[in-house]
Each structure stands twice: as C-alpha cells, then as structure tokens.
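Peer 1: After the structure tokens below, expect a handful of questions from me.
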Amino acid sequence: MIKYALQCKNCKQEFESWFGSSKEFDRLKKMKLLNCQNCNSINIEKSLMAPNLSNAKKIKLDENYNRFKEVKKKLKEYNKFVKQNFDFVGENFVYEARSIHYNKNNKKSKKGIYGKASLQDVKELKDEGIETEMIPWIDDKEN
C-alpha cells in the first residue's frame with residue numbers, strides 16, 4: 001500500500017488517498033476513475049509528499065533519551081550522596097586537599113572534601129600522591 005497526496009488541477013483541492021501500488025494509481029487515472037472530492041473533476045495529479053519512514057529513528061532517539069534520563073538520575077543521586085557525606089570547600093579544594101594530605105596528624109574533620117579544581121590541578125595533586133577524583137556534577141535546576 002502507498003499513500004499519495006493528490007491535488008485537483010481545477011479547484012486546487014488537496015487530499016490524500018491510498019493505492020495498492022504506484023502502478024495502481026496510474027491505472028485508475030488512465031481509466032478516469034479518480035475524481036476530486038470537491039468539484040468531481042477527473043483532472044487529478046500527485047503532489048509532493050514527505051515519505052513515511054519507519055519509526056526506527058524515533059525509537060532509537062526515545063531509547064537514547066530514556067538512557068540519558070537514567071544516567072542523569074544516577075548522577076543526581078551520586079551528587080546528593082557527596083553533598084550529604086563530604087564538606088564543600090569550593091574554589092579552595094586544591095589548598096584544602098594539600099592541607100589534609102601534608103598535615104596528617106592535624107585531622108580537621110573525619111569527612112572528606114569536595115570542591116572545584118581544574119584538570120591541571122587534579123593532575124598535580126595526583127603527581128604529589130594525593131588521591132582525588134573528578135566526577136560529573138549535575139545542577140539541581142531543571143530547564
């Protein structure tokens with residue numbers, strides 16, 4: 001089966017119709033069995049119509065979007081865990097990490113810390129033997 005967008009050349013009425021095949025359309029037109037629903041003219045032509053592609057792309061996009069939502073939800077849960085169990089030190093992360101590492105006897109807090117640091121700062125901390133990890137951070141704001 002194939003669906004065509006049709007147009008009457010007399011009254012410019014546009015409509016759609018289903019046919020068994022493109023040959024079936026041609027056969028019915030040749031036999032003058034196609035007519036306009038509005039003015040009953042047999043001067044009917046096929047007009048351009050967007051193809052009806054399978055929904056495979058849409059299904060794939062839906063699956064990807066659902067996967068994205070799952071990952072985002074997990075990241076938010078992880079972020080919430082970090083906020084509840086670690087102290088936020090903001091831009092002072094590198095300084096605080098070094099203070100904790102080099103002043104092992106002076107324990108300020110039993111909690112770990114989290115904050116902001118550049119990739120270069122994290123590399124330098126690791127080179128000094130200071131264990132750090134970068135984690136993706138999701139803002140609580142939903143746009």
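Chain labels follow the order of the structure tokens: the first chain is A, the next B, and so on; residue numbering restarts at 1 in every chain, and ligands are counted from 1 in their shown order.
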Taking the backbone alone, and naming residues the way the document does, which bits of chain A are strand (DSSP E) by DSSP, as number ranges by chain?
Peer 2: A: 2-8, 14-19, 44-47, 86-90, 112-115
Peer 1: If you count only C-alpha atoms, which residues fall within 10 Å of A:Gly90, apart from same-chain ones fewer than 2 positions away, as a list in words?
Peer 2: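 What passes the distance filter is Asp87, Phe88, Asn92, Phe93, Val94, Glu96, Ile113, Tyr114, Gly115, Lys116 and Ala117 of chain A.
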Peer 1: With C-alpha atoms retained, could you export that selection as a PDB file, in the first residue's frame?
Peer 2:
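After the write, selection_34.pdb holds the following:
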```pdb
ATOM      1  CA  ASP A  87      32.380  19.021  53.169  1.00  0.00           C
ATOM      2  CA  PHE A  88      32.155  21.537  50.326  1.00  0.00           C
ATOM      3  CA  ASN A  92      39.763  26.148  47.896  1.00  0.00           C
ATOM      4  CA  PHE A  93      39.738  22.442  47.024  1.00  0.00           C
ATOM      5  CA  VAL A  94      43.407  22.217  45.983  1.00  0.00           C
ATOM      6  CA  GLU A  96      42.402  22.004  51.411  1.00  0.00           C
ATOM      7  CA  ILE A 113      36.022  17.193  50.965  1.00  0.00           C
ATOM      8  CA  TYR A 114      34.731  18.185  47.554  1.00  0.00           C
ATOM      9  CA  GLY A 115      35.002  21.361  45.545  1.00  0.00           C
ATOM     10  CA  LYS A 116      36.191  22.864  42.299  1.00  0.00           C
ATOM     11  CA  ALA A 117      39.546  22.285  40.650  1.00  0.00           C
TER      12      ALA A 117
END
```
Peer 1: Ranking A:Leu125, A:Leu33, A:Leu28, A:Val71 by minimum distance to A:Tyr102 and counting only C-alpha atoms, which one comes first?
Peer 2: A:Leu125
Peer 1: Do a neighbour search on stretch 78-82 of chain A at 9 Å with only C-alpha atoms, toss out local chain neighbours closer than 2 positions, and write the hits as a list in words.
Peer 2: Lys73, Lys74, Leu75, Lys76, Gln84, Asn85, Phe86, Asp87, Ile113, Tyr114, Ile135, Pro136, Trp137 and Ile138 of chain A
Peer 1: Write the selection just made, keeping N, CA and C atoms, as a PDB file, in the first residue's frame?
Peer 2:
```pdb
ATOM      1  N   LYS A  73      19.681  10.724  36.367  1.00  0.00           N
ATOM      2  CA  LYS A  73      19.106  10.430  37.683  1.00  0.00           C
ATOM      3  C   LYS A  73      20.171   9.834  38.606  1.00  0.00           C
ATOM      4  N   LYS A  74      20.966   8.900  38.088  1.00  0.00           N
ATOM      5  CA  LYS A  74      22.037   8.283  38.886  1.00  0.00           C
ATOM      6  C   LYS A  74      23.072   9.325  39.312  1.00  0.00           C
ATOM      7  N   LEU A  75      23.429  10.227  38.381  1.00  0.00           N
ATOM      8  CA  LEU A  75      24.396  11.272  38.718  1.00  0.00           C
ATOM      9  C   LEU A  75      23.853  12.192  39.799  1.00  0.00           C
ATOM     10  N   LYS A  76      22.577  12.520  39.727  1.00  0.00           N
ATOM     11  CA  LYS A  76      21.970  13.363  40.768  1.00  0.00           C
ATOM     12  C   LYS A  76      21.994  12.654  42.122  1.00  0.00           C
ATOM     13  N   GLN A  84      25.843  15.177  51.059  1.00  0.00           N
ATOM     14  CA  GLN A  84      25.476  14.783  52.417  1.00  0.00           C
ATOM     15  C   GLN A  84      26.649  14.232  53.219  1.00  0.00           C
ATOM     16  N   ASN A  85      27.666  13.703  52.551  1.00  0.00           N
ATOM     17  CA  ASN A  85      28.729  12.999  53.258  1.00  0.00           C
ATOM     18  C   ASN A  85      30.109  13.644  53.183  1.00  0.00           C
ATOM     19  N   PHE A  86      30.238  14.745  52.444  1.00  0.00           N
ATOM     20  CA  PHE A  86      31.520  15.415  52.309  1.00  0.00           C
ATOM     21  C   PHE A  86      31.334  16.905  52.561  1.00  0.00           C
ATOM     22  N   ASP A  87      32.418  17.574  52.943  1.00  0.00           N
ATOM     23  CA  ASP A  87      32.380  19.021  53.169  1.00  0.00           C
ATOM     24  C   ASP A  87      32.733  19.758  51.883  1.00  0.00           C
ATOM     25  N   ILE A 113      36.382  15.886  51.506  1.00  0.00           N
ATOM     26  CA  ILE A 113      36.022  17.193  50.965  1.00  0.00           C
ATOM     27  C   ILE A 113      35.688  17.061  49.482  1.00  0.00           C
ATOM     28  N   TYR A 114      34.952  18.056  48.990  1.00  0.00           N
ATOM     29  CA  TYR A 114      34.731  18.185  47.554  1.00  0.00           C
ATOM     30  C   TYR A 114      34.675  19.666  47.221  1.00  0.00           C
ATOM     31  N   ILE A 135      34.350  14.089  39.265  1.00  0.00           N
ATOM     32  CA  ILE A 135      33.036  13.497  38.999  1.00  0.00           C
ATOM     33  C   ILE A 135      32.171  14.513  38.259  1.00  0.00           C
ATOM     34  N   PRO A 136      31.302  14.035  37.383  1.00  0.00           N
ATOM     35  CA  PRO A 136      30.389  14.971  36.714  1.00  0.00           C
ATOM     36  C   PRO A 136      29.408  15.534  37.720  1.00  0.00           C
ATOM     37  N   TRP A 137      29.098  16.789  37.558  1.00  0.00           N
ATOM     38  CA  TRP A 137      28.198  17.436  38.510  1.00  0.00           C
ATOM     39  C   TRP A 137      26.954  17.944  37.763  1.00  0.00           C
ATOM     40  N   ILE A 138      25.797  17.582  38.272  1.00  0.00           N
ATOM     41  CA  ILE A 138      24.525  17.988  37.677  1.00  0.00           C
ATOM     42  C   ILE A 138      23.904  19.052  38.574  1.00  0.00           C
TER      43      ILE A 138
END
```
Peer 1: Name the residues in contact with A:Asp121 at a cut-off of 12 Å, using only C-alpha atoms, excluding same-chain residues fewer than 6 positions from it; report them as a ChimeraX atom specification.
Peer 2: /A:91-95,97-98,115,127-128,130,132-134
Peer 1: Looking at only C-alpha atoms, which of A:Glu24, A:Gln13, A:Gly112, A:Glu70 is the one that sits closest to A:Met1?
Peer 2: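 Checking each candidate against A:Met1, we get A:Glu24 as the closest.
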Peer 1: For atom CA of A:Lys12 and atom CA of A:Lys32, quote the distance in Å rounded to one decimal.
Peer 2: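 That distance, rounded to one decimal, is 18.1 Å.
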Peer 1: Determine, counting only C-alpha atoms, which protein, DNA and RNA residues have an atom within 9 Å of an atom of A:Leu34; residues of the same chain fewer than 4 positions away are not included. Present the result as a ChimeraX atom specification.
Peer 2: /A:25,28-30,40-44
